[in-house]
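This is my_file-v1.cif (mmCIF, C-alpha atoms (C1' of nucleotides)).
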data_query
loop_
_atom_site.label_atom_id
_atom_site.label_comp_id
_atom_site.auth_asym_id
_atom_site.auth_seq_id
_atom_site.Cartn_x
_atom_site.Cartn_y
_atom_site.Cartn_z
CA MET C 1 -6.78 46.81 -81.41
CA PRO C 2 -9.52 45.23 -79.45
CA TYR C 3 -12.19 47.86 -79.53
CA LYS C 4 -14.95 47.21 -82.02
CA GLU C 5 -17.36 49.92 -82.79
CA LYS C 6 -20.74 48.99 -81.46
CA GLU C 7 -24.06 50.63 -81.62
CA ILE C 8 -24.71 52.53 -78.50
CA THR C 9 -28.23 51.87 -77.49
CA LYS C 10 -28.26 51.57 -73.75
CA LEU C 11 -28.63 54.50 -71.44
CA TYR C 12 -26.00 53.33 -69.01
CA TYR C 13 -23.15 50.88 -68.95
CA SER C 14 -21.53 49.27 -65.97
CA ILE C 15 -17.80 49.45 -65.53
CA GLY C 16 -17.55 45.81 -66.46
CA GLU C 17 -19.30 46.41 -69.74
CA VAL C 18 -17.02 49.27 -70.60
CA SER C 19 -13.86 47.44 -69.67
CA ALA C 20 -15.02 44.52 -71.79
CA MET C 21 -15.60 46.80 -74.77
CA PHE C 22 -11.98 47.85 -74.74
CA SER C 23 -10.46 44.72 -73.27
CA VAL C 24 -8.95 46.59 -70.39
CA ASN C 25 -8.98 46.14 -66.68
CA ASN C 26 -11.62 47.80 -64.53
CA SER C 27 -8.92 49.54 -62.57
CA LEU C 28 -7.69 51.28 -65.69
CA ILE C 29 -11.09 52.83 -66.18
CA ARG C 30 -11.22 54.02 -62.60
CA PHE C 31 -7.76 55.47 -62.91
CA TRP C 32 -8.52 57.34 -66.10
CA GLU C 33 -11.68 58.60 -64.52
CA LYS C 34 -9.55 60.24 -61.87
CA GLU C 35 -7.16 61.60 -64.44
CA PHE C 36 -9.52 62.92 -67.08
CA ASP C 37 -12.32 65.33 -66.40
CA ILE C 38 -14.28 64.26 -69.43
CA ILE C 39 -15.03 60.89 -67.92
CA LYS C 40 -17.52 61.45 -65.18
CA PRO C 41 -19.97 58.59 -64.81
CA LYS C 42 -22.94 58.96 -62.56
CA LYS C 43 -23.07 56.69 -59.56
CA ASN C 44 -26.14 54.89 -58.37
CA LYS C 45 -27.27 54.69 -54.77
CA LYS C 46 -24.82 51.96 -54.02
CA GLY C 47 -21.92 53.80 -55.54
CA ASN C 48 -21.61 51.82 -58.74
CA ARG C 49 -20.51 53.71 -61.77
CA MET C 50 -22.99 54.23 -64.57
CA PHE C 51 -21.39 55.28 -67.82
CA THR C 52 -23.40 57.17 -70.37
CA PRO C 53 -22.72 56.69 -74.07
CA LEU C 54 -20.89 59.99 -73.95
CA ASP C 55 -18.62 58.68 -71.22
CA VAL C 56 -17.91 55.67 -73.38
CA GLU C 57 -17.15 57.84 -76.37
CA ASN C 58 -14.82 59.96 -74.31
CA PHE C 59 -13.08 56.91 -73.00
CA HIS C 60 -12.69 55.76 -76.55
CA LEU C 61 -11.08 59.03 -77.49
CA ILE C 62 -8.57 58.80 -74.69
CA PHE C 63 -7.97 55.18 -75.52
CA HIS C 64 -7.16 56.19 -79.05
CA LEU C 65 -4.73 58.88 -78.03
CA VAL C 66 -2.93 56.84 -75.41
CA LYS C 67 -2.98 53.32 -76.76
CA GLU C 68 -2.90 53.93 -80.48
CA ARG C 69 -1.13 57.22 -80.95
CA GLY C 70 1.28 56.85 -78.07
CA TYR C 71 0.61 59.91 -76.01
CA THR C 72 1.42 60.06 -72.35
CA LEU C 73 -1.58 60.73 -70.17
CA GLN C 74 -0.42 64.29 -69.79
CA GLY C 75 0.05 64.58 -73.52
CA ALA C 76 -3.46 63.31 -74.06
CA LYS C 77 -4.81 65.81 -71.58
CA ASP C 78 -3.07 68.65 -73.35
CA HIS C 79 -4.31 67.44 -76.67
CA LEU C 80 -7.86 67.36 -75.36
CA LYS C 81 -7.62 70.87 -74.02
CA GLY C 82 -6.33 72.04 -77.36
CA ASN C 83 -9.35 70.70 -79.11
CA ILE C 84 -10.77 74.12 -79.64
CA ASP C 85 -9.29 73.91 -83.12
CA GLU C 86 -11.07 70.71 -83.88
CA ALA C 87 -14.27 71.99 -82.43
CA ALA C 88 -13.93 75.02 -84.63
CA SER C 89 -13.36 73.01 -87.76
CA GLN C 90 -16.33 70.87 -86.89
CA HIS C 91 -18.34 74.00 -86.75
CA GLU C 92 -17.16 74.87 -90.22
CA ILE C 93 -18.26 71.50 -91.44
CA ILE C 94 -21.65 71.95 -89.88
CA LYS C 95 -22.10 75.30 -91.49
CA ARG C 96 -21.21 73.95 -94.87
CA LEU C 97 -23.59 71.07 -94.46
CA GLN C 98 -26.33 73.44 -93.53
CA LYS C 99 -25.71 75.29 -96.74
CA ILE C 100 -25.90 72.04 -98.61
CA LYS C 101 -29.08 71.26 -96.80
CA SER C 102 -30.81 74.46 -97.81
CA PHE C 103 -29.59 73.92 -101.33
CA LEU C 104 -31.17 70.50 -101.36
CA ILE C 105 -34.36 71.88 -99.97
CA GLU C 106 -34.39 74.40 -102.76
CA ILE C 107 -34.05 71.64 -105.28
CA LYS C 108 -36.84 69.73 -103.67
CA GLU C 109 -39.15 72.69 -103.94
CA ASP C 110 -38.34 73.04 -107.58
CA LEU C 111 -39.46 69.51 -108.21
CA MET Y 1 10.66 75.91 -73.78
CA PRO Y 2 14.41 76.16 -73.59
CA TYR Y 3 15.51 75.49 -77.09
CA LYS Y 4 16.14 78.57 -79.13
CA GLU Y 5 16.50 78.25 -82.81
CA LYS Y 6 20.05 79.01 -83.73
CA GLU Y 7 21.78 79.30 -86.97
CA ILE Y 8 23.42 76.09 -87.83
CA THR Y 9 26.73 76.91 -89.31
CA LYS Y 10 29.20 74.49 -87.91
CA LEU Y 11 29.91 71.17 -89.49
CA TYR Y 12 29.98 69.31 -86.23
CA TYR Y 13 28.84 69.81 -82.68
CA SER Y 14 30.09 68.14 -79.56
CA ILE Y 15 27.67 66.50 -77.18
CA GLY Y 16 28.21 69.36 -74.76
CA GLU Y 17 27.17 71.87 -77.35
CA VAL Y 18 24.06 69.97 -78.24
CA SER Y 19 23.02 69.42 -74.65
CA ALA Y 20 23.50 73.11 -74.01
CA MET Y 21 21.31 74.02 -76.96
CA PHE Y 22 18.40 72.17 -75.46
CA SER Y 23 19.27 72.56 -71.82
CA VAL Y 24 19.36 68.85 -71.27
CA ASN Y 25 21.80 66.46 -69.73
CA ASN Y 26 24.45 64.71 -71.77
CA SER Y 27 23.07 61.42 -70.62
CA LEU Y 28 19.73 62.18 -72.21
CA ILE Y 29 21.39 62.63 -75.55
CA ARG Y 30 23.29 59.41 -75.25
CA PHE Y 31 20.12 57.65 -74.20
CA TRP Y 32 18.07 58.95 -77.08
CA GLU Y 33 20.87 58.09 -79.43
CA LYS Y 34 20.45 54.50 -78.35
CA GLU Y 35 16.69 54.70 -78.69
CA PHE Y 36 16.31 56.51 -81.98
CA ASP Y 37 17.91 55.44 -85.20
CA ILE Y 38 17.78 58.88 -86.70
CA ILE Y 39 20.39 60.17 -84.30
CA LYS Y 40 23.66 58.69 -85.35
CA PRO Y 41 26.58 61.02 -84.78
CA LYS Y 42 29.95 60.18 -86.19
CA LYS Y 43 32.72 59.58 -83.73
CA ASN Y 44 36.21 60.91 -84.02
CA LYS Y 45 39.39 58.94 -83.46
CA LYS Y 46 39.12 59.42 -79.76
CA GLY Y 47 35.52 58.23 -79.68
CA ASN Y 48 33.89 61.58 -79.11
CA ARG Y 49 30.53 62.14 -80.72
CA MET Y 50 30.33 64.60 -83.56
CA PHE Y 51 26.83 65.72 -84.32
CA THR Y 52 26.01 66.98 -87.76
CA PRO Y 53 23.41 69.69 -88.20
CA LEU Y 54 21.09 66.94 -89.36
CA ASP Y 55 21.62 65.08 -86.12
CA VAL Y 56 20.77 68.24 -84.25
CA GLU Y 57 17.69 68.75 -86.34
CA ASN Y 58 16.57 65.22 -85.67
CA PHE Y 59 17.18 65.63 -82.00
CA HIS Y 60 15.11 68.75 -82.12
CA LEU Y 61 12.29 66.87 -83.76
CA ILE Y 62 12.29 64.20 -81.09
CA PHE Y 63 12.55 66.85 -78.44
CA HIS Y 64 9.49 68.50 -79.85
CA LEU Y 65 7.45 65.32 -79.94
CA VAL Y 66 8.42 64.13 -76.50
CA LYS Y 67 8.83 67.27 -74.46
CA GLU Y 68 6.32 69.55 -76.10
CA ARG Y 69 3.63 67.35 -77.57
CA GLY Y 70 3.72 64.72 -74.89
CA TYR Y 71 4.47 61.55 -76.77
CA THR Y 72 6.04 58.57 -75.09
CA LEU Y 73 9.35 57.52 -76.59
CA GLN Y 74 7.58 54.66 -78.29
CA GLY Y 75 4.90 57.01 -79.54
CA ALA Y 76 7.54 59.29 -80.96
CA LYS Y 77 9.23 56.36 -82.67
CA ASP Y 78 5.97 55.29 -84.25
CA HIS Y 79 5.25 58.81 -85.30
CA LEU Y 80 8.63 59.05 -86.97
CA LYS Y 81 8.09 55.84 -88.86
CA GLY Y 82 5.02 57.52 -90.20
CA ASN Y 83 3.08 54.42 -91.04
CA ILE Y 84 1.21 54.17 -87.80
CA ASP Y 85 0.25 57.78 -87.98
CA GLU Y 86 -1.88 57.38 -91.01
CA ALA Y 87 -3.64 54.43 -89.51
CA ALA Y 88 -4.25 56.43 -86.39
CA SER Y 89 -5.65 59.43 -88.16
CA GLN Y 90 -8.12 57.13 -89.83
CA HIS Y 91 -9.85 57.19 -86.54
CA GLU Y 92 -10.47 60.90 -86.78
CA ILE Y 93 -11.52 60.62 -90.36
CA ILE Y 94 -14.00 57.92 -89.51
CA LYS Y 95 -15.46 59.96 -86.76
CA ARG Y 96 -15.89 62.95 -88.98
CA LEU Y 97 -17.47 60.85 -91.66
CA GLN Y 98 -19.88 59.45 -89.15
CA LYS Y 99 -20.87 62.94 -88.21
CA ILE Y 100 -21.33 63.82 -91.83
CA LYS Y 101 -23.35 60.69 -92.35
CA SER Y 102 -25.77 61.52 -89.61
CA PHE Y 103 -26.11 65.00 -90.97
CA LEU Y 104 -26.93 63.62 -94.34
CA ILE Y 105 -29.50 61.34 -92.82
CA GLU Y 106 -30.99 64.33 -91.13
CA ILE Y 107 -31.10 66.14 -94.41
CA LYS Y 108 -32.72 63.19 -96.06
CA GLU Y 109 -35.42 63.13 -93.44
CA ASP Y 110 -36.11 66.78 -94.01
CA LEU Y 111 -36.68 66.23 -97.69
"C1'" DA X 1 41.35 70.95 -64.96
"C1'" DT X 2 38.11 69.97 -68.41
"C1'" DA X 3 35.40 67.49 -71.58
"C1'" DC X 4 34.53 63.40 -73.12
"C1'" DC X 5 34.01 58.07 -73.03
"C1'" DT X 6 31.57 53.32 -71.28
"C1'" DT X 7 29.16 50.57 -68.14
"C1'" DG X 8 26.51 49.96 -64.42
"C1'" DT X 9 23.34 51.21 -60.85
"C1'" DG X 10 19.66 53.51 -58.78
"C1'" DC X 11 15.71 56.26 -58.54
"C1'" DC X 12 11.34 58.70 -59.23
"C1'" DC X 13 7.16 58.85 -61.17
"C1'" DT X 14 3.64 56.96 -64.47
"C1'" DA X 15 0.61 53.73 -65.47
"C1'" DT X 16 -1.51 49.78 -64.34
"C1'" DA X 17 -2.70 45.50 -61.79
"C1'" DA X 18 -3.66 42.93 -57.61
"C1'" DA X 19 -5.73 42.19 -53.06
"C1'" DG X 20 -9.29 42.22 -50.01
"C1'" DA X 21 -14.05 43.29 -48.66
"C1'" DA X 22 -18.85 43.80 -49.59
"C1'" DA X 23 -22.80 43.29 -52.25
"C1'" DA X 24 -25.58 41.38 -55.97
"C1'" DA X 25 -26.92 37.75 -58.93
"C1'" DG X 26 -27.46 32.93 -60.08
"C1'" DA X 27 -28.19 28.17 -59.02
"C1'" DA X 28 -29.83 24.29 -55.97
"C1'" DA X 29 -32.28 22.35 -52.60
"C1'" DT X 30 -35.92 22.49 -49.49
"C1'" DA G 1 -41.19 30.82 -52.91
"C1'" DT G 2 -37.43 30.96 -49.71
"C1'" DT G 3 -33.31 29.67 -47.76
"C1'" DT G 4 -28.62 28.49 -48.60
"C1'" DC G 5 -24.56 28.10 -51.21
"C1'" DT G 6 -21.54 29.72 -54.98
"C1'" DT G 7 -20.01 32.81 -58.35
"C1'" DT G 8 -19.66 37.29 -60.25
"C1'" DT G 9 -19.29 42.14 -60.00
"C1'" DT G 10 -18.17 46.04 -57.89
"C1'" DC G 11 -15.94 48.81 -54.58
"C1'" DT G 12 -11.49 51.07 -52.32
"C1'" DT G 13 -6.85 50.72 -51.13
"C1'" DT G 14 -2.36 49.09 -51.79
"C1'" DA G 15 1.41 47.24 -54.31
"C1'" DT G 16 4.34 46.71 -58.37
"C1'" DA G 17 6.51 46.90 -63.07
"C1'" DG G 18 8.66 49.59 -66.20
"C1'" DG G 19 9.80 54.01 -68.57
"C1'" DG G 20 12.89 57.58 -68.63
"C1'" DC G 21 16.16 59.28 -67.19
"C1'" DA G 22 20.48 61.01 -63.84
"C1'" DC G 23 24.54 59.94 -61.69
"C1'" DA G 24 28.82 57.67 -60.13
"C1'" DA G 25 33.07 55.04 -61.01
"C1'" DG G 26 36.94 54.51 -63.49
"C1'" DG G 27 39.30 55.79 -67.63
"C1'" DT G 28 41.45 58.64 -71.83
"C1'" DA G 29 42.80 62.59 -74.30
"C1'" DT G 30 43.52 67.73 -74.58
#

Let me see whether you can do it: turn the structure in this file into structure tokens.
Amino acid sequence: MPYKEKEITKLYYSIGEVSAMFSVNNSLIRFWEKEFDIIKPKKNKKGNRMFTPLDVENFHLIFHLVKERGYTLQGAKDHLKGNIDEAASQHEIIKRLQKIKSFLIEIKEDL
Amino acid sequence: MPYKEKEITKLYYSIGEVSAMFSVNNSLIRFWEKEFDIIKPKKNKKGNRMFTPLDVENFHLIFHLVKERGYTLQGAKDHLKGNIDEAASQHEIIKRLQKIKSFLIEIKEDL
DNA sequence: ATACCTTGTGCCCTATAAAGAAAAAGAAAT
DNA sequence: ATTTCTTTTTCTTTATAGGGCACAAGGTAT
């Protein structure tokens, strides 16, 4: 599993940088870009793709589904559409953390 | 999708009965039988396949993974082995923990 | 006639890589 | 510094390998 988590500091990545991150061919990235709506890099004047960190993260997600979990591309697409559940549960987590946060603030004020 | 849950009462089903249950071709069943260890029908004296209810259940499981959830055959195999799955879901866990971590950092900065 | 068998072949689509052209970036020499 | 040469990177378009089956041929048993 070639991909190593790296800090994302740059604003934009070239296609070559992204393909190197995941040890895949450039053409795979272009193909997935056509297939998946969530990968939509900007293009500069010349037409070169400029991937934001979010694009990279989204590519990573697809990479995970397809290469590690064994979904077909269609299966991955469906899974991504169905992510309303996950989004919802994330929201739950956020709400709970906000409660924790205000609790901690309360403690702080007591000190 | 085509398969309707039916009561499983018989001891054995012929390949024709099974393929009818799922509205698939006989050849698909024979193919999956070669691919997946968990489908292993007995054969009678003549060589005809005799599917136990368990075989049918297992076929149903594979059918679900491949036709409804969009796994590749290999992906379905891995999923059935179970080991890979846990490793894969680590990815989601890590991501959620990273979110939690950044929230906690946020909280810390507020304090 | 029907339902099944095995073995082999062929096919369609998915998923990816290669090929070819153009531009940019380095490196060397003037 | 600027010209020239070479290598790298990107682009788009085209080709190809393999997955996932279906189907046909030739056969057996009911």

* Asked: Looking at only C-alpha atoms (C1' of nucleotides), which of G:DA29, G:DT13, G:DG18, G:DT2 is the one that sits closest to chain Y?
  ->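 Closest to chain Y of all the choices is G:DA29.
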
Proximity check segment 37-75 of chain C to segment 22-27 of chain X, 12 Å, nearest pairs one decimal Å, only C-alpha atoms (C1' of nucleotides), as a Markdown table:
| residue | atom | partner | partner_atom | distance |
| --- | --- | --- | --- | --- |
| C:Lys46 | CA | X:DA23 | C1' | 9.1 |
| C:Gly47 | CA | X:DA23 | C1' | 11.0 |
| C:Asn48 | CA | X:DA23 | C1' | 10.8 |

Just C-alpha atoms for this one: save the residues we selected as a short mmCIF file (atom, residue, chain, number, x, y, z; two decimals), in the coordinates of the input.
data_model
loop_
_atom_site.label_atom_id
_atom_site.label_comp_id
_atom_site.auth_asym_id
_atom_site.auth_seq_id
_atom_site.Cartn_x
_atom_site.Cartn_y
_atom_site.Cartn_z
CA LYS C 46 -24.82 51.96 -54.02
CA GLY C 47 -21.92 53.80 -55.54
CA ASN C 48 -21.61 51.82 -58.74
#

* Result set, the PyMOL selection byres ((chain X) within 10 of (chain C)) on current file, as a VMD selection string -> chain X and resid 14 to 18 23

Restrict the calculation to only C-alpha atoms (C1' of nucleotides), then for each residue of chain G with any atom at most 10 Å from an atom of chain Y give the closest atom pair and their distance in Å to one decimal, rows by chain and rising residue number, as CSV.
residue,atom,partner,partner_atom,distance
G:DG19,C1',Y:Leu73,CA,8.8
G:DG20,C1',Y:Leu73,CA,8.7
G:DC21,C1',Y:Leu28,CA,6.8
G:DA22,C1',Y:Ser27,CA,7.3
G:DC23,C1',Y:Ser27,CA,9.2
G:DT28,C1',Y:Lys46,CA,8.3
G:DA29,C1',Y:Lys46,CA,7.3

* Asked: Could you write out as a PyMOL selection string the residues that the PyMOL selection byres ((chain G and resi 27) around 12) matches in the shown file?
  -> (chain X and resi 4-7) or (chain G and resi 25-26+28-29)

* In Å, how far is it from atom CA of Lys45 of chain Y to atom CA of Met21 of chain Y? ->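 Atom CA of Met21 of chain Y lies at a distance of 24.4 Å from atom CA of Lys45 of chain Y.
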
* Asked: In Å, with one decimal, what is the gap from atom CA of Gly75 of chain Y to atom CA of Arg69 of chain C?
  ->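 It comes out at 6.2 Å.
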
* **Picked residues, the PyMOL selection byres ((chain C and resi 62) around 9), expected as a PyMOL selection string** => chain C and resi 32+36+57-61+63-67+73+76-77+80

* To do: Kindly give the distance, in Å, that separates atom CA of Phe22 of chain C and atom CA of Glu35 of chain C, rounded to a single decimal.
  =>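 Separation between atom CA of Phe22 of chain C and atom CA of Glu35 of chain C: 17.8 Å.
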
* **For chain C, the nearest of the candidates Y:Lys40, Y:Arg30, Y:Lys10, Y:His79, counting all atoms listed in the file** =>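 Once distances to chain C are computed over all atoms listed in the file, the minimum belongs to Y:His79.
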
Give me the box for segment 20-27 of chain X as lines of an AutoDock Vina configuration file, namely the centre and edge lengths in Å to one decimal of a box along x, y and z that holds every listed atom plus 6 Å on each side.
center_x = -18.7
center_y = 36.0
center_z = -54.4
size_x = 30.9
size_y = 27.6
size_z = 23.4
